Amino acid sequence: DGGITQSPKYLFRKEGQNVTLSCEQNLNHDAMYWYRQDPGQGLRLIYYSQIVNDFQKGDIAEGYSVSREKKESFPLTVTSAQKNPTAFYLCASSLTGGYYEQYFGPGTRLTVT
Amino acid sequence: RKEVEQDPGPFNVPEGATVAFNCTYSNSASQSFFWYRQDCRKEPKLLMSVYSSGNEDGRFTAQLNRASQYISLLIRDSKLSDSATYLCVVTLRAPIGSGNTGKLIFGQGTTLQVKP
């Protein structure tokens, strides 16, 4: 069964702690993406990666970090430097970067108190 | 001006109604267009791509007007299960020489509520 998995579904952390969100895909897609969605708002791009060992900042990269050591995996770390980390985080992948449709994982809801 | 604009709604319609959503985009260099559907507290799912000639998938029809820079989605014979938020998505070409390919820009979405 091909798809994108994200874990955990819900995550609770105390302010000041770093937290890593997992994203795995078995679609053999080259490109992977991280978005953030806040209530009543559209998706905002955090980071994206078009190939292994390479990634670029999106529109709101401050306070986040990523790695792309394997084609299947693109974990996102929310650091303590992120001012408003509570949000719905969505991982996506596409065949290649750019103009192709993206497929999303089920998301992780992060709450930081 | 936002890169992709949608009327947030909500659109409240009775079952069986026909409803249309519009979406405008600001960058004339936009290349690909999609409609996604997002259910409450779930991930967006691709509904359909939008082609220049217009395309239909069952009760759903998508159209693109490049001259006026807008995209539309028409839903005929609305079902209760069509209740969701519909996201308009546009791809932008990256600047030449940037070394990057384009990216998807998501509208904020239009909420549809179909009532019995």
# chains A, B, ... in the order shown; residues from 1 in each chain; ligands from 1

call {"tool": "interface_residues", "arguments": {"of": "chain A", "to": "chain B", "cutoff": "9 Å", "atoms": "only C-alpha atoms", "output": "PyMOL selection string"}}
result
chain A and resi 40-45+50+56+88+90+97-107

call {"tool": "write_last_selection", "arguments": {"atoms": "N, CA and C atoms", "output": "CSV table (one decimal), in the first residue's frame"}}
result
chain,number,residue,atom,x,y,z
A,40,GLY,N,-8.1,28.3,10.1
A,40,GLY,CA,-8.7,29.3,9.2
A,40,GLY,C,-7.7,29.9,8.2
A,41,GLN,N,-6.5,29.3,8.1
A,41,GLN,CA,-5.5,29.8,7.2
A,41,GLN,C,-5.1,28.7,6.2
A,42,GLY,N,-4.4,29.2,5.1
A,42,GLY,CA,-3.9,28.3,4.1
A,42,GLY,C,-2.6,27.6,4.5
A,43,LEU,N,-2.1,26.7,3.7
A,43,LEU,CA,-0.9,26.0,4.0
A,43,LEU,C,0.3,27.0,3.7
A,44,ARG,N,1.3,26.9,4.6
A,44,ARG,CA,2.5,27.7,4.3
A,44,ARG,C,3.7,26.8,4.3
A,45,LEU,N,4.5,27.0,3.3
A,45,LEU,CA,5.7,26.1,3.1
A,45,LEU,C,6.8,26.3,4.0
A,50,GLN,N,14.2,18.4,-3.0
A,50,GLN,CA,13.9,17.9,-4.4
A,50,GLN,C,14.7,16.6,-4.6
A,56,GLN,N,15.7,23.1,0.6
A,56,GLN,CA,15.7,24.5,0.5
A,56,GLN,C,14.7,25.1,1.5
A,88,PHE,N,-0.9,22.6,12.9
A,88,PHE,CA,-1.1,21.3,12.2
A,88,PHE,C,0.0,21.2,11.1
A,90,LEU,N,1.9,19.3,8.1
A,90,LEU,CA,1.6,18.4,7.0
A,90,LEU,C,2.8,18.1,6.1
A,97,GLY,N,10.2,17.8,-8.1
A,97,GLY,CA,9.8,19.2,-7.6
A,97,GLY,C,9.1,20.0,-8.6
A,98,GLY,N,8.4,21.0,-8.2
A,98,GLY,CA,7.9,22.0,-9.1
A,98,GLY,C,6.4,21.9,-9.4
A,99,TYR,N,6.1,21.4,-10.6
A,99,TYR,CA,4.7,21.6,-11.1
A,99,TYR,C,3.8,20.4,-10.9
A,100,TYR,N,4.3,19.4,-10.3
A,100,TYR,CA,3.5,18.2,-10.1
A,100,TYR,C,2.6,18.2,-8.9
A,101,GLU,N,1.5,17.5,-9.0
A,101,GLU,CA,0.6,17.5,-7.8
A,101,GLU,C,1.3,16.8,-6.6
A,102,GLN,N,0.9,17.3,-5.5
A,102,GLN,CA,1.5,16.7,-4.2
A,102,GLN,C,0.5,15.9,-3.5
A,103,TYR,N,1.0,14.9,-2.8
A,103,TYR,CA,0.2,14.0,-2.0
A,103,TYR,C,0.6,14.1,-0.6
A,104,PHE,N,-0.4,14.2,0.3
A,104,PHE,CA,-0.2,14.6,1.7
A,104,PHE,C,-0.3,13.4,2.6
A,105,GLY,N,0.5,13.4,3.7
A,105,GLY,CA,0.3,12.5,4.8
A,105,GLY,C,-0.8,13.0,5.7
A,106,PRO,N,-1.2,12.2,6.7
A,106,PRO,CA,-2.3,12.6,7.6
A,106,PRO,C,-2.1,13.7,8.5
A,107,GLY,N,-0.9,14.2,8.7
A,107,GLY,CA,-0.6,15.3,9.5
A,107,GLY,C,-0.3,15.0,10.9

call {"tool": "closest_residue", "arguments": {"among": "A:Ser49, A:Ser22, A:Gln17, A:Thr96", "to": "Gly63 (chain A)", "atoms": "only C-alpha atoms"}}
result
A:Gln17

call {"tool": "closest_residue", "arguments": {"among": "A:Thr20, A:Ser67, A:Thr108, A:Asn53", "to": "Tyr35 (chain A)", "atoms": "only C-alpha atoms"}}
result
A:Thr108

call {"tool": "residues_around", "arguments": {"residues": "Ser81 (chain B)", "least_positions_apart": "2", "cutoff": "10 Å", "atoms": "only C-alpha atoms", "output": "ChimeraX atom specification"}}
result
/B:15,39,78-79,83-84,113-115

call {"tool": "write_last_selection", "arguments": {"atoms": "all heavy atoms", "output": "PDB file, in the first residue's frame"}}
result
ATOM      1  N   GLU B  15     -28.939  19.787  -0.538  1.00  0.00           N
ATOM      2  CA  GLU B  15     -28.595  18.616  -1.356  1.00  0.00           C
ATOM      3  C   GLU B  15     -29.187  18.765  -2.737  1.00  0.00           C
ATOM      4  O   GLU B  15     -30.321  19.228  -2.891  1.00  0.00           O
ATOM      5  CB  GLU B  15     -29.220  17.360  -0.708  1.00  0.00           C
ATOM      6  CG  GLU B  15     -28.260  16.485   0.011  1.00  0.00           C
ATOM      7  CD  GLU B  15     -28.915  15.206   0.498  1.00  0.00           C
ATOM      8  OE1 GLU B  15     -29.933  15.299   1.215  1.00  0.00           O
ATOM      9  OE2 GLU B  15     -28.419  14.139   0.144  1.00  0.00           O
ATOM     10  N   ASP B  39     -11.081  17.763   4.285  1.00  0.00           N
ATOM     11  CA  ASP B  39     -12.101  17.561   5.300  1.00  0.00           C
ATOM     12  C   ASP B  39     -11.588  18.096   6.625  1.00  0.00           C
ATOM     13  O   ASP B  39     -10.375  18.233   6.835  1.00  0.00           O
ATOM     14  CB  ASP B  39     -12.449  16.077   5.409  1.00  0.00           C
ATOM     15  CG  ASP B  39     -13.162  15.591   4.160  1.00  0.00           C
ATOM     16  OD1 ASP B  39     -14.304  16.030   3.944  1.00  0.00           O
ATOM     17  OD2 ASP B  39     -12.576  14.818   3.394  1.00  0.00           O
ATOM     18  N   SER B  78     -25.151  18.320  -5.624  1.00  0.00           N
ATOM     19  CA  SER B  78     -24.362  18.251  -4.385  1.00  0.00           C
ATOM     20  C   SER B  78     -24.850  17.141  -3.465  1.00  0.00           C
ATOM     21  O   SER B  78     -26.058  16.924  -3.299  1.00  0.00           O
ATOM     22  CB  SER B  78     -24.448  19.581  -3.633  1.00  0.00           C
ATOM     23  OG  SER B  78     -23.942  20.620  -4.406  1.00  0.00           O
ATOM     24  N   LYS B  79     -23.899  16.452  -2.855  1.00  0.00           N
ATOM     25  CA  LYS B  79     -24.184  15.406  -1.866  1.00  0.00           C
ATOM     26  C   LYS B  79     -23.736  15.895  -0.495  1.00  0.00           C
ATOM     27  O   LYS B  79     -22.845  16.750  -0.387  1.00  0.00           O
ATOM     28  CB  LYS B  79     -23.415  14.122  -2.202  1.00  0.00           C
ATOM     29  CG  LYS B  79     -23.500  13.669  -3.638  1.00  0.00           C
ATOM     30  CD  LYS B  79     -24.861  13.139  -3.980  1.00  0.00           C
ATOM     31  CE  LYS B  79     -24.882  12.570  -5.410  1.00  0.00           C
ATOM     32  NZ  LYS B  79     -26.267  12.354  -5.864  1.00  0.00           N
ATOM     33  N   SER B  83     -19.472  18.083   1.574  1.00  0.00           N
ATOM     34  CA  SER B  83     -19.151  19.096   2.580  1.00  0.00           C
ATOM     35  C   SER B  83     -17.679  19.004   2.953  1.00  0.00           C
ATOM     36  O   SER B  83     -17.204  17.959   3.413  1.00  0.00           O
ATOM     37  CB  SER B  83     -20.019  18.910   3.834  1.00  0.00           C
ATOM     38  OG  SER B  83     -21.389  19.062   3.522  1.00  0.00           O
ATOM     39  N   ALA B  84     -16.959  20.082   2.719  1.00  0.00           N
ATOM     40  CA  ALA B  84     -15.509  20.100   2.939  1.00  0.00           C
ATOM     41  C   ALA B  84     -15.015  21.501   2.597  1.00  0.00           C
ATOM     42  O   ALA B  84     -15.794  22.368   2.200  1.00  0.00           O
ATOM     43  CB  ALA B  84     -14.805  19.069   2.043  1.00  0.00           C
ATOM     44  N   GLN B 113     -20.846  23.637   2.804  1.00  0.00           N
ATOM     45  CA  GLN B 113     -21.676  22.840   3.704  1.00  0.00           C
ATOM     46  C   GLN B 113     -22.947  22.486   2.957  1.00  0.00           C
ATOM     47  O   GLN B 113     -23.718  23.376   2.580  1.00  0.00           O
ATOM     48  CB  GLN B 113     -22.006  23.631   4.969  1.00  0.00           C
ATOM     49  CG  GLN B 113     -22.741  22.837   6.025  1.00  0.00           C
ATOM     50  CD  GLN B 113     -21.908  21.716   6.620  1.00  0.00           C
ATOM     51  OE1 GLN B 113     -20.748  21.904   6.955  1.00  0.00           O
ATOM     52  NE2 GLN B 113     -22.484  20.543   6.735  1.00  0.00           N
ATOM     53  N   VAL B 114     -23.146  21.199   2.704  1.00  0.00           N
ATOM     54  CA  VAL B 114     -24.343  20.734   2.009  1.00  0.00           C
ATOM     55  C   VAL B 114     -25.330  20.249   3.063  1.00  0.00           C
ATOM     56  O   VAL B 114     -25.000  19.386   3.884  1.00  0.00           O
ATOM     57  CB  VAL B 114     -24.020  19.607   1.008  1.00  0.00           C
ATOM     58  CG1 VAL B 114     -25.294  19.178   0.279  1.00  0.00           C
ATOM     59  CG2 VAL B 114     -22.969  20.054   0.021  1.00  0.00           C
ATOM     60  N   LYS B 115     -26.540  20.805   3.026  1.00  0.00           N
ATOM     61  CA  LYS B 115     -27.564  20.482   4.033  1.00  0.00           C
ATOM     62  C   LYS B 115     -28.597  19.521   3.451  1.00  0.00           C
ATOM     63  O   LYS B 115     -28.909  19.607   2.271  1.00  0.00           O
ATOM     64  CB  LYS B 115     -28.261  21.767   4.480  1.00  0.00           C
ATOM     65  CG  LYS B 115     -27.345  22.860   4.978  1.00  0.00           C
ATOM     66  CD  LYS B 115     -26.867  22.602   6.371  1.00  0.00           C
ATOM     67  CE  LYS B 115     -26.149  23.820   6.939  1.00  0.00           C
ATOM     68  NZ  LYS B 115     -25.556  23.543   8.246  1.00  0.00           N
TER      69      LYS B 115
END

call {"tool": "residues_around", "arguments": {"residues": "Asn28 (chain A)", "least_positions_apart": "6", "cutoff": "12 Å", "atoms": "only C-alpha atoms", "output": "PDB file with N, CA and C atoms, in the first residue's frame"}}
result
ATOM      1  N   GLY A   2       0.894   1.965  -1.136  1.00  0.00           N
ATOM      2  CA  GLY A   2       1.762   3.128  -1.219  1.00  0.00           C
ATOM      3  C   GLY A   2       1.161   4.325  -0.535  1.00  0.00           C
ATOM      4  N   GLY A   3       2.011   5.145   0.090  1.00  0.00           N
ATOM      5  CA  GLY A   3       1.481   6.329   0.718  1.00  0.00           C
ATOM      6  C   GLY A   3       2.516   7.064   1.542  1.00  0.00           C
ATOM      7  N   ILE A   4       2.018   8.041   2.278  1.00  0.00           N
ATOM      8  CA  ILE A   4       2.867   8.858   3.140  1.00  0.00           C
ATOM      9  C   ILE A   4       2.373   8.686   4.570  1.00  0.00           C
ATOM     10  N   ILE A  51      15.840  16.419  -3.860  1.00  0.00           N
ATOM     11  CA  ILE A  51      16.627  15.192  -3.958  1.00  0.00           C
ATOM     12  C   ILE A  51      17.268  14.914  -2.612  1.00  0.00           C
ATOM     13  N   VAL A  52      17.764  13.723  -2.458  1.00  0.00           N
ATOM     14  CA  VAL A  52      18.437  13.323  -1.213  1.00  0.00           C
ATOM     15  C   VAL A  52      19.633  14.229  -0.960  1.00  0.00           C
ATOM     16  N   LYS A  70      17.697  10.015   3.422  1.00  0.00           N
ATOM     17  CA  LYS A  70      17.158   8.920   2.620  1.00  0.00           C
ATOM     18  C   LYS A  70      16.019   9.442   1.758  1.00  0.00           C
ATOM     19  N   LYS A  71      15.818   8.835   0.636  1.00  0.00           N
ATOM     20  CA  LYS A  71      14.753   9.287  -0.265  1.00  0.00           C
ATOM     21  C   LYS A  71      13.389   9.185   0.404  1.00  0.00           C
ATOM     22  N   GLU A  72      13.226   8.163   1.245  1.00  0.00           N
ATOM     23  CA  GLU A  72      11.911   7.889   1.835  1.00  0.00           C
ATOM     24  C   GLU A  72      11.559   8.779   3.014  1.00  0.00           C
ATOM     25  N   SER A  73      12.535   9.453   3.581  1.00  0.00           N
ATOM     26  CA  SER A  73      12.331  10.091   4.880  1.00  0.00           C
ATOM     27  C   SER A  73      12.701  11.566   4.865  1.00  0.00           C
ATOM     28  N   SER A  93       4.583  14.805  -0.678  1.00  0.00           N
ATOM     29  CA  SER A  93       5.613  14.404  -1.636  1.00  0.00           C
ATOM     30  C   SER A  93       5.061  14.530  -3.042  1.00  0.00           C
ATOM     31  N   SER A  94       5.964  14.653  -4.002  1.00  0.00           N
ATOM     32  CA  SER A  94       5.574  14.669  -5.410  1.00  0.00           C
ATOM     33  C   SER A  94       6.650  13.974  -6.219  1.00  0.00           C
ATOM     34  N   LEU A  95       6.263  13.586  -7.430  1.00  0.00           N
ATOM     35  CA  LEU A  95       7.159  12.803  -8.272  1.00  0.00           C
ATOM     36  C   LEU A  95       8.514  13.499  -8.403  1.00  0.00           C
ATOM     37  N   THR A  96       8.468  14.754  -8.786  1.00  0.00           N
ATOM     38  CA  THR A  96       9.658  15.596  -8.773  1.00  0.00           C
ATOM     39  C   THR A  96       9.222  16.954  -8.262  1.00  0.00           C
TER      40      THR A  96
END

call {"tool": "residues_around", "arguments": {"residues": "Asn18 (chain A)", "least_positions_apart": "6", "cutoff": "10 Å", "atoms": "only C-alpha atoms", "output": "CSV table (one decimal) with C-alpha atoms, in the first residue's frame"}}
result
chain,number,residue,atom,x,y,z
A,63,GLY,CA,12.8,28.0,13.9
A,64,TYR,CA,12.7,24.8,11.9
A,77,THR,CA,12.5,19.4,13.9
A,78,VAL,CA,10.6,22.2,15.5
A,79,THR,CA,13.2,24.0,17.6
A,80,SER,CA,12.7,26.2,20.7
A,81,ALA,CA,13.4,29.2,18.5
A,82,GLN,CA,10.1,28.8,16.7

call {"tool": "residues_around", "arguments": {"residues": "Ser26 (chain B)", "least_positions_apart": "2", "cutoff": "8 Å", "atoms": "only C-alpha atoms", "output": "list in words"}}
result
Arg1, Lys2, Glu3, Val4, Thr24, Ser28 and Gln69 of chain B

call {"tool": "write_last_selection", "arguments": {"atoms": "C-alpha atoms", "output": "short mmCIF file (atom, residue, chain, number, x, y, z; two decimals), in the first residue's frame"}}
result
data_model
loop_
_atom_site.label_atom_id
_atom_site.label_comp_id
_atom_site.auth_asym_id
_atom_site.auth_seq_id
_atom_site.Cartn_x
_atom_site.Cartn_y
_atom_site.Cartn_z
CA ARG B 1 -2.53 41.18 -3.03
CA LYS B 2 -2.46 37.46 -2.21
CA GLU B 3 -0.98 35.15 -4.83
CA VAL B 4 -4.08 32.95 -4.79
CA THR B 24 -8.03 34.12 -8.83
CA SER B 28 0.50 35.30 -15.03
CA GLN B 69 -6.32 34.53 -14.33
#

call {"tool": "residues_around", "arguments": {"residues": "Tyr33 (chain A)", "least_positions_apart": "4", "cutoff": "6 Å", "atoms": "only C-alpha atoms", "output": "ChimeraX atom specification"}}
result
/A:47-48,91-92

call {"tool": "write_last_selection", "arguments": {"atoms": "all heavy atoms", "output": "PDB file, in the first residue's frame"}}
result
ATOM      1  N   TYR A  47       9.825  23.918   4.537  1.00  0.00           N
ATOM      2  CA  TYR A  47      11.027  23.444   3.855  1.00  0.00           C
ATOM      3  C   TYR A  47      10.603  22.486   2.759  1.00  0.00           C
ATOM      4  O   TYR A  47       9.549  21.876   2.828  1.00  0.00           O
ATOM      5  CB  TYR A  47      11.933  22.676   4.826  1.00  0.00           C
ATOM      6  CG  TYR A  47      13.006  23.483   5.507  1.00  0.00           C
ATOM      7  CD1 TYR A  47      12.819  23.952   6.806  1.00  0.00           C
ATOM      8  CD2 TYR A  47      14.215  23.763   4.875  1.00  0.00           C
ATOM      9  CE1 TYR A  47      13.806  24.688   7.445  1.00  0.00           C
ATOM     10  CE2 TYR A  47      15.209  24.500   5.508  1.00  0.00           C
ATOM     11  CZ  TYR A  47      15.000  24.960   6.793  1.00  0.00           C
ATOM     12  OH  TYR A  47      15.981  25.681   7.436  1.00  0.00           O
ATOM     13  N   TYR A  48      11.470  22.334   1.755  1.00  0.00           N
ATOM     14  CA  TYR A  48      11.245  21.317   0.766  1.00  0.00           C
ATOM     15  C   TYR A  48      12.572  20.736   0.297  1.00  0.00           C
ATOM     16  O   TYR A  48      13.624  21.361   0.434  1.00  0.00           O
ATOM     17  CB  TYR A  48      10.410  21.814  -0.414  1.00  0.00           C
ATOM     18  CG  TYR A  48      11.029  22.908  -1.243  1.00  0.00           C
ATOM     19  CD1 TYR A  48      11.597  22.641  -2.490  1.00  0.00           C
ATOM     20  CD2 TYR A  48      11.007  24.231  -0.808  1.00  0.00           C
ATOM     21  CE1 TYR A  48      12.142  23.653  -3.263  1.00  0.00           C
ATOM     22  CE2 TYR A  48      11.550  25.255  -1.571  1.00  0.00           C
ATOM     23  CZ  TYR A  48      12.103  24.949  -2.799  1.00  0.00           C
ATOM     24  OH  TYR A  48      12.643  25.959  -3.567  1.00  0.00           O
ATOM     25  N   CYS A  91       3.084  16.874   5.877  1.00  0.00           N
ATOM     26  CA  CYS A  91       4.179  16.469   5.003  1.00  0.00           C
ATOM     27  C   CYS A  91       3.576  16.051   3.664  1.00  0.00           C
ATOM     28  O   CYS A  91       2.483  15.464   3.623  1.00  0.00           O
ATOM     29  CB  CYS A  91       4.924  15.309   5.635  1.00  0.00           C
ATOM     30  SG  CYS A  91       6.278  14.650   4.649  1.00  0.00           S
ATOM     31  N   ALA A  92       4.257  16.354   2.581  1.00  0.00           N
ATOM     32  CA  ALA A  92       3.766  15.984   1.252  1.00  0.00           C
ATOM     33  C   ALA A  92       4.919  15.509   0.401  1.00  0.00           C
ATOM     34  O   ALA A  92       6.089  15.769   0.704  1.00  0.00           O
ATOM     35  CB  ALA A  92       3.068  17.172   0.591  1.00  0.00           C
TER      36      ALA A  92
END

call {"tool": "closest_residue", "arguments": {"among": "B:Ala20, B:Leu47, B:Leu64, B:Leu112", "to": "Asp82 (chain B)", "atoms": "only C-alpha atoms"}}
result
B:Leu112
